[in-house]
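Listing of start_16.tsv; format and content: TSV, C-alpha atoms.
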```
chain	number	residue	atom	x	y	z
O	658	MET	CA	21.26	-94.37	-91.37
O	659	GLY	CA	25.02	-93.88	-91.30
O	660	ILE	CA	27.07	-93.27	-88.24
O	661	PRO	CA	27.67	-89.61	-87.34
O	662	SER	CA	31.20	-88.29	-87.44
O	663	GLY	CA	33.41	-89.31	-84.56
O	664	LYS	CA	32.90	-87.68	-81.19
O	665	PRO	CA	35.70	-86.55	-78.89
O	666	PHE	CA	36.45	-87.70	-75.38
O	667	HIS	CA	33.95	-85.98	-73.10
O	668	ALA	CA	34.58	-87.26	-69.59
O	669	ARG	CA	36.41	-90.14	-67.95
O	670	HIS	CA	35.80	-91.11	-65.34
O	671	ARG	CA	22.59	-98.23	-52.37
O	672	GLY	CA	19.33	-96.75	-53.09
O	673	ARG	CA	17.10	-97.67	-55.93
O	674	PRO	CA	15.61	-97.57	-59.40
O	675	ASP	CA	12.45	-95.74	-60.37
O	676	ARG	CA	10.48	-98.93	-59.95
O	677	ALA	CA	11.51	-98.89	-56.27
O	678	ASP	CA	8.40	-96.84	-55.62
O	679	ASP	CA	6.45	-99.99	-56.45
O	680	ARG	CA	8.28	-102.09	-53.86
O	681	GLY	CA	8.99	-99.76	-51.02
O	682	GLN	CA	9.88	-96.16	-50.36
O	683	ALA	CA	13.15	-95.23	-51.98
O	684	PRO	CA	15.39	-92.71	-50.22
O	685	ARG	CA	15.13	-89.24	-51.62
O	686	GLY	CA	18.04	-87.64	-53.33
O	687	GLY	CA	18.98	-85.79	-56.48
O	688	CYS	CA	21.00	-83.13	-58.16
O	689	ARG	CA	20.19	-80.09	-60.22
O	690	ARG	CA	22.04	-78.94	-63.26
O	691	SER	CA	21.45	-75.66	-64.93
O	692	ALA	CA	20.08	-75.69	-68.45
O	693	ALA	CA	23.23	-73.88	-69.53
O	694	GLY	CA	25.38	-76.64	-68.05
O	695	LEU	CA	23.42	-79.35	-69.79
O	696	ILE	CA	23.53	-77.51	-73.13
O	697	ALA	CA	27.30	-77.07	-72.77
O	698	ALA	CA	27.75	-80.78	-72.11
O	699	LEU	CA	25.68	-81.71	-75.13
O	700	CYS	CA	27.62	-79.26	-77.30
O	701	LEU	CA	30.84	-81.00	-76.31
O	702	LEU	CA	29.31	-84.29	-77.37
O	703	ALA	CA	28.43	-82.88	-80.79
O	704	ARG	CA	31.88	-81.51	-81.70
O	705	PRO	CA	33.44	-83.28	-84.69
O	706	ALA	CA	36.62	-85.31	-84.38
O	707	ALA	CA	39.02	-86.85	-86.84
O	708	ALA	CA	38.11	-90.52	-86.37
O	709	GLU	CA	34.72	-92.04	-87.01
O	710	SER	CA	33.22	-93.73	-83.97
O	711	LEU	CA	30.24	-95.68	-82.73
O	712	ARG	CA	28.42	-94.30	-79.71
O	713	LEU	CA	26.80	-96.78	-77.32
O	714	ALA	CA	24.47	-95.58	-74.56
O	715	THR	CA	22.28	-97.00	-71.84
O	716	TRP	CA	19.71	-95.17	-69.72
O	717	ASP	CA	16.85	-95.82	-67.36
O	718	ALA	CA	14.87	-92.77	-68.45
O	719	GLY	CA	11.95	-93.47	-66.09
O	720	LEU	CA	9.68	-94.58	-68.94
O	721	SER	CA	7.60	-96.99	-66.86
O	722	ARG	CA	4.08	-96.40	-65.62
O	723	ARG	CA	1.70	-98.00	-63.10
O	724	GLY	CA	-0.67	-99.47	-65.68
O	725	PRO	CA	-0.68	-100.84	-69.24
O	726	GLY	CA	-1.08	-98.26	-71.99
O	727	LEU	CA	-0.17	-95.30	-69.78
O	728	LEU	CA	3.31	-94.91	-71.23
O	729	LEU	CA	1.93	-94.93	-74.77
O	730	ALA	CA	-0.55	-92.23	-73.79
O	731	ASP	CA	2.23	-90.09	-72.30
O	732	ILE	CA	4.34	-90.47	-75.43
O	733	GLU	CA	1.48	-89.61	-77.77
O	734	THR	CA	0.50	-86.54	-75.75
O	735	GLY	CA	4.09	-85.34	-75.38
O	736	ALA	CA	4.15	-85.48	-71.58
O	737	PRO	CA	6.92	-83.24	-70.15
O	738	LYS	CA	9.10	-86.08	-68.84
O	739	VAL	CA	8.84	-87.93	-72.15
O	740	ALA	CA	9.71	-84.76	-74.05
O	741	ALA	CA	12.69	-84.20	-71.76
O	742	ALA	CA	13.91	-87.76	-72.38
O	743	VAL	CA	13.59	-87.30	-76.14
O	744	ALA	CA	15.51	-84.03	-75.99
O	745	LEU	CA	18.37	-85.52	-73.97
O	746	ILE	CA	18.72	-88.55	-76.24
O	747	ALA	CA	18.58	-86.36	-79.33
O	748	GLY	CA	21.34	-84.21	-77.86
O	749	VAL	CA	23.62	-87.14	-77.04
O	750	ARG	CA	22.87	-88.81	-80.40
O	751	PRO	CA	23.84	-92.41	-79.57
O	752	ASP	CA	24.08	-94.83	-82.48
O	753	VAL	CA	22.88	-97.63	-80.22
O	754	LEU	CA	20.67	-97.04	-77.17
O	755	LEU	CA	19.56	-99.54	-74.54
O	756	LEU	CA	16.55	-98.22	-72.63
O	757	THR	CA	15.93	-99.95	-69.32
O	758	GLY	CA	12.80	-99.39	-67.26
O	759	PHE	CA	10.76	-99.07	-70.47
O	760	ASP	CA	7.25	-100.58	-70.52
O	761	TRP	CA	6.78	-103.36	-73.07
O	762	ASP	CA	3.49	-104.03	-74.85
O	763	HIS	CA	2.57	-106.91	-77.14
O	764	ASP	CA	2.40	-104.88	-80.35
O	765	GLY	CA	5.38	-102.68	-79.55
O	766	MET	CA	3.23	-99.57	-79.79
O	767	ALA	CA	4.97	-97.62	-77.02
O	768	LEU	CA	8.42	-98.32	-78.47
O	769	ALA	CA	7.26	-97.40	-82.00
O	770	ALA	CA	5.75	-94.15	-80.69
O	771	PHE	CA	8.92	-93.29	-78.77
O	772	ALA	CA	11.05	-94.02	-81.85
O	773	ALA	CA	8.74	-91.73	-83.87
O	774	ALA	CA	9.23	-88.97	-81.29
O	775	LEU	CA	12.99	-89.37	-81.56
O	776	LYS	CA	12.77	-89.28	-85.36
O	777	ALA	CA	10.80	-86.04	-85.15
O	778	ALA	CA	13.68	-84.70	-83.04
O	779	GLY	CA	16.14	-85.63	-85.79
O	780	LEU	CA	17.32	-89.05	-84.58
O	781	ALA	CA	16.09	-92.09	-86.52
O	782	TYR	CA	16.32	-95.62	-85.12
O	783	PRO	CA	15.01	-97.94	-87.85
O	784	HIS	CA	16.27	-101.06	-86.06
O	785	ARG	CA	14.79	-102.13	-82.73
O	786	TYR	CA	14.85	-105.23	-80.55
O	787	ALA	CA	12.45	-105.71	-77.63
O	788	PRO	CA	11.17	-109.23	-77.01
O	789	ARG	CA	8.81	-109.85	-74.12
O	790	PRO	CA	10.65	-109.35	-70.82
O	791	ASN	CA	10.25	-111.40	-67.66
O	792	ALA	CA	8.99	-108.29	-65.87
O	793	GLY	CA	5.31	-108.78	-65.08
O	794	MET	CA	5.21	-112.27	-66.64
O	795	GLN	CA	3.10	-114.23	-64.18
O	796	SER	CA	4.53	-117.57	-63.06
O	797	GLY	CA	1.19	-119.05	-61.93
O	798	LEU	CA	2.78	-119.82	-58.56
O	799	ASP	CA	3.12	-118.09	-55.20
O	800	LEU	CA	6.76	-117.17	-55.71
O	801	ASP	CA	7.02	-114.86	-52.70
O	802	GLY	CA	5.34	-117.37	-50.37
O	803	ASN	CA	2.69	-115.02	-48.98
O	804	GLY	CA	-0.18	-117.40	-49.71
O	805	ARG	CA	-1.49	-115.49	-52.72
O	806	THR	CA	-0.84	-115.76	-56.45
O	807	GLY	CA	-1.06	-113.32	-59.33
O	808	GLU	CA	0.64	-110.46	-57.49
O	809	PRO	CA	3.56	-108.38	-58.81
O	810	ARG	CA	6.10	-110.43	-56.86
O	811	ASP	CA	4.68	-113.67	-58.24
O	812	ALA	CA	5.80	-112.69	-61.73
O	813	GLN	CA	9.12	-113.91	-63.14
O	814	GLY	CA	10.28	-110.33	-62.67
O	815	TYR	CA	8.48	-107.77	-60.53
O	816	GLY	CA	5.64	-106.08	-62.38
O	817	ARG	CA	2.01	-105.04	-61.96
O	818	PHE	CA	1.36	-105.97	-65.58
O	819	THR	CA	3.11	-107.81	-68.38
O	820	GLY	CA	6.13	-105.84	-69.50
O	821	GLN	CA	6.20	-103.20	-66.78
O	822	GLY	CA	9.73	-101.87	-66.59
O	823	GLY	CA	11.11	-103.90	-69.49
O	824	MET	CA	13.91	-102.88	-71.80
O	825	ALA	CA	14.39	-102.00	-75.46
O	826	LEU	CA	17.33	-101.75	-77.84
O	827	LEU	CA	17.27	-99.06	-80.54
O	828	SER	CA	19.88	-98.75	-83.27
O	829	ARG	CA	20.76	-96.72	-86.34
O	830	LEU	CA	22.64	-99.75	-87.67
O	831	GLN	CA	21.21	-103.14	-88.51
O	832	LEU	CA	20.49	-105.52	-85.64
O	833	ARG	CA	20.59	-109.18	-86.64
O	834	ALA	CA	17.51	-110.10	-84.64
O	835	GLU	CA	17.31	-113.52	-86.28
O	836	ALA	CA	20.73	-114.37	-84.81
O	837	ALA	CA	20.06	-112.88	-81.37
O	838	ARG	CA	20.25	-115.07	-78.28
O	839	ASP	CA	17.57	-114.34	-75.70
O	840	PHE	CA	18.61	-115.96	-72.40
O	841	SER	CA	15.60	-114.67	-70.48
O	842	ALA	CA	14.13	-118.16	-70.03
O	843	VAL	CA	17.25	-119.59	-68.36
O	844	LEU	CA	16.31	-120.96	-64.94
O	845	TRP	CA	18.07	-119.47	-61.96
O	846	ALA	CA	18.89	-122.94	-60.65
O	847	ASP	CA	20.65	-123.80	-63.93
O	848	LEU	CA	23.28	-121.04	-63.68
O	849	PRO	CA	26.62	-122.58	-62.65
O	850	GLY	CA	27.70	-121.33	-59.24
O	851	ASN	CA	24.31	-119.78	-58.43
O	852	LEU	CA	23.19	-118.57	-55.01
O	853	ILE	CA	19.61	-119.83	-55.21
O	854	ASP	CA	20.13	-122.10	-52.19
O	855	GLY	CA	18.96	-120.17	-49.16
O	856	ALA	CA	16.78	-117.79	-51.19
O	857	GLY	CA	13.65	-119.10	-49.49
O	858	LEU	CA	11.99	-120.53	-52.62
O	859	SER	CA	9.68	-123.52	-52.37
O	860	PRO	CA	10.61	-126.56	-54.50
O	861	GLY	CA	7.87	-125.63	-56.96
O	862	ALA	CA	9.04	-122.01	-57.19
O	863	ARG	CA	12.65	-123.08	-57.55
O	864	ALA	CA	11.71	-125.29	-60.49
O	865	VAL	CA	10.22	-122.39	-62.50
O	866	GLN	CA	12.05	-119.29	-61.27
O	867	ARG	CA	13.99	-117.68	-64.11
O	868	LEU	CA	17.30	-115.97	-63.51
O	869	SER	CA	16.52	-112.78	-65.43
O	870	SER	CA	14.23	-110.32	-63.68
O	871	THR	CA	13.98	-108.45	-67.00
O	872	GLY	CA	16.16	-110.14	-69.61
O	873	HIS	CA	19.63	-111.12	-70.82
O	874	TRP	CA	20.27	-110.66	-74.55
O	875	ASP	CA	23.11	-111.16	-77.00
O	876	VAL	CA	22.17	-109.12	-80.08
O	877	PRO	CA	24.60	-108.85	-83.04
O	878	LEU	CA	25.00	-105.33	-84.43
O	879	VAL	CA	26.26	-105.13	-88.01
O	880	LEU	CA	29.13	-102.63	-88.24
O	881	PRO	CA	29.87	-100.71	-91.46
O	882	SER	CA	32.73	-103.15	-92.11
O	883	GLY	CA	30.25	-106.02	-92.13
O	884	ARG	CA	31.60	-107.39	-88.86
O	885	ASP	CA	29.29	-108.06	-85.91
O	886	LEU	CA	29.53	-106.30	-82.56
O	887	HIS	CA	27.68	-108.39	-79.96
O	888	LEU	CA	25.55	-106.28	-77.63
O	889	LEU	CA	25.16	-108.08	-74.31
O	890	ALA	CA	22.23	-106.31	-72.70
O	891	PHE	CA	20.52	-106.78	-69.33
O	892	ALA	CA	18.67	-105.11	-66.46
O	893	ALA	CA	18.89	-106.67	-63.00
O	894	THR	CA	16.60	-106.57	-59.99
O	895	PRO	CA	17.56	-104.23	-57.14
O	896	PRO	CA	19.13	-106.14	-54.22
O	897	LEU	CA	16.44	-104.82	-51.86
O	898	PHE	CA	12.78	-105.31	-50.89
O	899	ASP	CA	13.11	-108.82	-49.46
O	900	GLY	CA	13.76	-110.44	-46.10
O	901	PRO	CA	16.69	-112.06	-44.27
O	902	GLU	CA	16.85	-114.72	-47.00
O	903	ASP	CA	18.15	-111.96	-49.31
O	904	ARG	CA	16.36	-113.38	-52.33
O	905	ASN	CA	16.73	-110.21	-54.40
O	906	GLY	CA	20.33	-109.71	-53.31
O	907	ARG	CA	21.21	-113.25	-54.38
O	908	ARG	CA	19.39	-112.92	-57.67
O	909	ASN	CA	20.93	-109.54	-58.44
O	910	ARG	CA	24.39	-111.01	-57.91
O	911	ASP	CA	23.66	-113.95	-60.18
O	912	GLU	CA	22.19	-111.74	-62.93
O	913	THR	CA	25.60	-110.08	-63.16
O	914	ALA	CA	27.47	-113.37	-62.70
O	915	PHE	CA	25.64	-114.67	-65.79
O	916	TRP	CA	27.99	-112.66	-68.03
O	917	LEU	CA	31.06	-114.17	-66.38
O	918	ARG	CA	29.70	-117.65	-67.01
O	919	TYR	CA	28.80	-116.76	-70.60
O	920	LEU	CA	32.26	-115.37	-71.34
O	921	ASP	CA	33.83	-118.42	-69.67
O	922	GLY	CA	31.93	-120.80	-71.96
O	923	ALA	CA	30.26	-122.38	-68.91
O	924	LEU	CA	26.77	-122.31	-70.47
O	925	PRO	CA	25.30	-124.84	-72.93
O	926	VAL	CA	25.97	-122.36	-75.79
O	927	PRO	CA	29.31	-121.09	-77.15
O	928	PRO	CA	30.64	-117.83	-75.67
O	929	PRO	CA	30.24	-114.64	-77.70
O	930	LEU	CA	32.81	-113.86	-80.34
O	931	ALA	CA	34.72	-110.60	-79.96
O	932	PRO	CA	34.09	-107.78	-80.32
O	933	PHE	CA	31.31	-107.35	-77.78
O	934	ALA	CA	30.08	-104.91	-75.16
O	935	ILE	CA	28.10	-105.51	-71.98
O	936	LEU	CA	25.62	-102.72	-71.32
O	937	GLY	CA	22.70	-102.14	-69.01
O	938	ASP	CA	21.51	-101.75	-65.45
O	939	ALA	CA	23.34	-103.98	-62.95
O	940	ASP	CA	21.49	-102.12	-60.19
O	941	ILE	CA	24.43	-102.42	-57.80
O	942	ASP	CA	27.36	-100.15	-56.99
O	943	PRO	CA	30.83	-101.72	-56.78
O	944	VAL	CA	31.63	-100.09	-53.42
O	945	ALA	CA	28.55	-98.39	-51.91
O	946	GLY	CA	25.05	-99.38	-50.89
O	947	GLU	CA	23.58	-102.81	-50.38
O	948	GLY	CA	24.08	-105.98	-52.37
O	949	ARG	CA	26.44	-108.86	-53.01
O	950	ARG	CA	29.03	-107.16	-55.18
O	951	ASP	CA	31.57	-109.93	-55.77
O	952	ALA	CA	30.30	-110.75	-59.28
O	953	LEU	CA	30.25	-107.09	-60.32
O	954	VAL	CA	33.74	-106.47	-58.97
O	955	ALA	CA	34.99	-109.52	-60.87
O	956	LEU	CA	33.27	-108.33	-64.06
O	957	LEU	CA	34.76	-104.82	-63.82
O	958	ALA	CA	38.23	-106.30	-63.32
O	959	ASP	CA	37.92	-108.96	-66.03
O	960	PRO	CA	40.81	-108.59	-68.53
O	961	ARG	CA	38.43	-109.44	-71.38
O	962	LEU	CA	36.57	-106.17	-70.71
O	963	GLN	CA	37.33	-102.47	-70.31
O	964	ASP	CA	35.88	-100.36	-67.50
O	965	LEU	CA	36.30	-96.73	-68.56
O	966	ARG	CA	34.60	-95.44	-65.40
O	967	PRO	CA	32.55	-92.80	-67.27
O	968	ALA	CA	31.96	-89.68	-65.21
O	969	GLY	CA	29.66	-86.69	-65.15
O	970	ALA	CA	28.33	-84.06	-62.74
O	971	LYS	CA	28.20	-86.61	-59.91
O	972	GLY	CA	31.43	-88.40	-60.66
O	973	THR	CA	30.92	-92.00	-61.77
O	974	ALA	CA	27.44	-92.12	-60.24
O	975	THR	CA	24.54	-92.88	-62.58
O	976	ALA	CA	21.76	-92.87	-59.98
O	977	LEU	CA	20.69	-90.81	-56.98
O	978	TYR	CA	18.77	-92.61	-54.23
O	979	GLY	CA	19.75	-90.76	-51.10
O	980	ALA	CA	23.38	-91.07	-52.19
O	981	PRO	CA	25.10	-91.12	-55.58
O	982	LEU	CA	25.47	-94.68	-56.88
O	983	ARG	CA	26.99	-96.24	-59.96
O	984	LEU	CA	24.35	-98.68	-61.20
O	985	ASP	CA	24.54	-98.50	-65.03
O	986	TYR	CA	27.46	-99.79	-67.08
O	987	ILE	CA	28.95	-100.11	-70.56
O	988	LEU	CA	31.91	-102.51	-70.69
O	989	PRO	CA	33.46	-102.90	-74.17
O	990	SER	CA	35.60	-105.95	-74.90
O	991	ALA	CA	39.35	-105.47	-74.55
O	992	ASP	CA	40.00	-105.60	-78.31
O	993	LEU	CA	37.96	-102.44	-78.97
O	994	THR	CA	39.49	-98.95	-79.09
O	995	VAL	CA	37.53	-96.62	-76.85
O	996	THR	CA	37.86	-92.91	-77.56
O	997	GLY	CA	35.49	-91.38	-75.03
O	998	ALA	CA	33.00	-92.05	-72.25
O	999	GLY	CA	30.74	-90.00	-70.02
O	1000	VAL	CA	27.62	-89.62	-67.92
O	1001	ILE	CA	24.92	-87.07	-68.78
O	1002	TRP	CA	22.31	-86.04	-66.21
O	1003	PRO	CA	18.92	-84.85	-67.48
O	1004	GLU	CA	17.56	-81.39	-66.82
O	1005	THR	CA	14.13	-81.98	-65.28
O	1006	GLY	CA	13.10	-78.63	-63.84
O	1007	GLU	CA	11.72	-78.88	-60.31
O	1008	THR	CA	12.04	-82.67	-60.04
O	1009	PRO	CA	15.56	-83.92	-59.29
O	1010	PRO	CA	16.59	-86.65	-61.75
O	1011	ARG	CA	17.13	-90.17	-60.47
O	1012	ARG	CA	19.08	-91.73	-63.33
O	1013	ALA	CA	21.69	-90.52	-65.80
O	1014	LEU	CA	22.57	-91.64	-69.32
O	1015	VAL	CA	25.91	-93.41	-69.80
O	1016	TRP	CA	27.71	-93.29	-73.16
O	1017	VAL	CA	30.89	-94.77	-74.61
O	1018	ASP	CA	32.49	-94.06	-78.00
O	1019	ILE	CA	34.25	-96.85	-79.86
O	1020	SER	CA	36.61	-96.13	-82.75
O	1021	LEU	CA	35.68	-97.87	-86.00
O	1022	PRO	CA	38.26	-99.18	-88.46
```
Can the structure in the file be given as structure tokens, please?
Amino acid sequence: MGIPSGKPFHARHRGRPDRADDRGQAPRGGCRRSAAGLIAALCLLARPAAAESLRLATWDAGLSRRGPGLLLADIETGAPKVAAAVALIAGVRPDVLLLTGFDWDHDGMALAAFAAALKAAGLAYPHRYAPRPNAGMQSGLDLDGNGRTGEPRDAQGYGRFTGQGGMALLSRLQLRAEAARDFSAVLWADLPGNLIDGAGLSPGARAVQRLSSTGHWDVPLVLPSGRDLHLLAFAATPPLFDGPEDRNGRRNRDETAFWLRYLDGALPVPPPLAPFAILGDADIDPVAGEGRRDALVALLADPRLQDLRPAGAKGTATALYGAPLRLDYILPSADLTVTGAGVIWPETGETPPRRALVWVDISLP
């Protein structure tokens, strides 16, 4: 499907993700937007502009459940929260969408069903990429050192079942899946400059512990010109729910630092060719909340990238966990022309939303 006509500039611009309920009690917080306000924001997004553009978006839409198959059932029955997510995405109309916190299943049934729901709402994504995430992938070892194995924290990434809280990439344009690089199997200890020392891992756990709690991907997107735009996608662990060893805080920092090492050419593979865009859930705010933010601050200031600081009803915040936090990011490479960026909060009735959708428009030649 072709790219919609260009969209105008809409808006310039610690606590935890939905899966925090599985690890500890997250602080309460939220905001309410009137339906009229949301409709007005979406209307602004839909206005035509002179230049054709590509809209990138990322969102943790809360599409994770406590057991396998439950998300698929909710999608097939049109559960209210699923329907609300479909409506918001259909209103924003991204050309490329990274969903984080989306349950993976072996046959991709939940993702196919969600794509079908979006198509019924007028938004077709014929190209999708969602390999098995580290979330819920059991390591076979007692990674958390509590004397038991097979528990959610003994998986390569936290999860009650394989794929809980994974991620998925949907696109109107072709994704060159055969040329994608999936870095999800990279060991934490193999990342240059890592902080694994002091994380409290046994020698056996250290030898198998992967860096990615969910995944790190480099997926080429074929632009209308025939050129590739590399989508560098990830979703990090929250820097919480551990002890004084700060295992999750260290890992969260290194999941973001991975992109610095990749861009530097410090990994055993060549760095990505421009143009590219980093997008996903870093799960850390550059100034507020908990976490080791040095890698994120360095990434946001990197001259090879652009931080547009997209904003919405809560400023640059993309999450509400007791306080507004900026946890989700889209960082286009410096050679790209960005024409707009914003944050859209869902309208969820009586339940305050926890996460907002972030979008960025890139001008195409």
Size and centre in Å, one decimal, axis-aligned box, all listed stretch 752-764 of chain O atoms plus 8 Å per side, as AutoDock Vina command-line options:
```
--center_x 13.2 --center_y -100.9 --center_z -74.9 --size_x 37.7 --size_y 28.1 --size_z 31.2
```
For O:Leu858, which residue among O:Leu800, O:Leu830, O:Leu775, O:Val954 is the nearest when counting only C-alpha atoms?
O:Leu800
Using all atoms listed in the file, pick whichever of O:Gly946, O:Ala914, O:Ala767, O:Leu889 has the shortest atom-to-atom distance to O:Asp959.
O:Ala914
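Neighbourhood of point (15.9, -125.7, -54.4): residues with an atom at most 8 Å away, counting only C-alpha atoms, are Ala846, Ile853, Asp854, Leu858, Ser859, Pro860, Arg863 and Ala864 of chain O.
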Please, could you write that set of residues out with C-alpha atoms as a CSV table (one decimal), in the coordinates of the input?
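And here's part.csv as it stands now:
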```
chain,number,residue,atom,x,y,z
O,846,ALA,CA,18.9,-122.9,-60.6
O,853,ILE,CA,19.6,-119.8,-55.2
O,854,ASP,CA,20.1,-122.1,-52.2
O,858,LEU,CA,12.0,-120.5,-52.6
O,859,SER,CA,9.7,-123.5,-52.4
O,860,PRO,CA,10.6,-126.6,-54.5
O,863,ARG,CA,12.6,-123.1,-57.6
O,864,ALA,CA,11.7,-125.3,-60.5
```
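Minimum atom-to-atom distances from O:Val926, O:Leu1021, O:Leu868, O:Leu755 to O:Arg884 were compared using all atoms listed in the file, and the lowest value belongs to O:Leu1021.
A straight line drawn from atom CA of O:Gly748 to atom CA of O:Leu993 is 24.7 Å long.
Taking atom CA of O:Gly758 and atom CA of O:Ala934 as the two end points, the separation is 19.8 Å.
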Close residues, O:Gln813 itself excluded, 8 Å, only C-alpha atoms, min 5 positions apart in chain, as a PyMOL selection string:
chain O and resi 791-796+866-867+869-870
Those residues you just picked out, can you put them in a file as a PDB file, in the coordinates of the input with C-alpha atoms?
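The result, written out as result-v9.pdb:
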```pdb
ATOM      1  CA  ASN O 791      10.250-111.400 -67.660  1.00  0.00           C
ATOM      2  CA  ALA O 792       8.990-108.290 -65.870  1.00  0.00           C
ATOM      3  CA  GLY O 793       5.310-108.780 -65.080  1.00  0.00           C
ATOM      4  CA  MET O 794       5.210-112.270 -66.640  1.00  0.00           C
ATOM      5  CA  GLN O 795       3.100-114.230 -64.180  1.00  0.00           C
ATOM      6  CA  SER O 796       4.530-117.570 -63.060  1.00  0.00           C
ATOM      7  CA  GLN O 866      12.050-119.290 -61.270  1.00  0.00           C
ATOM      8  CA  ARG O 867      13.990-117.680 -64.110  1.00  0.00           C
ATOM      9  CA  SER O 869      16.520-112.780 -65.430  1.00  0.00           C
ATOM     10  CA  SER O 870      14.230-110.320 -63.680  1.00  0.00           C
TER      11      SER O 870
END
```
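Reported to one decimal place, the separation of atom CA of O:Thr996 from atom CA of O:Leu962 is 15.0 Å.
Proximity to O:Val876 was assessed for O:Asp942, O:Asp839, O:Asp847, O:Asp911 counting only C-alpha atoms; the smallest distance is recorded for O:Asp839.
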Residues within 12 Å of O:Lys738, only C-alpha atoms, excluding chain neighbours under 4 positions, as a ChimeraX atom specification:
/O:718-722,728,731-732,734,742-745,1003-1010
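Distances to O:Arg950 were evaluated for O:Pro751, O:Arg908, O:Leu920, O:Leu930 using all atoms listed in the file, and the minimum falls at O:Arg908.
Using only C-alpha atoms, the nearest neighbour of O:Leu852 within the list O:Ala939, O:Ala952, O:Ala837, O:Leu897 is O:Ala952.
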Compile the contact shell of O:Asp801 as a ChimeraX atom specification: residues with an atom at most 9 Å away, counting all atoms listed in the file, same-chain residues fewer than 4 positions apart removed.
/O:805-806,810-811,857-858,862
Show me, as a count of residues only, the residues that have an atom within 12 Å of O:Pro960 when counting all atoms listed in the file, minus same-chain residues fewer than 2 positions from it.
14
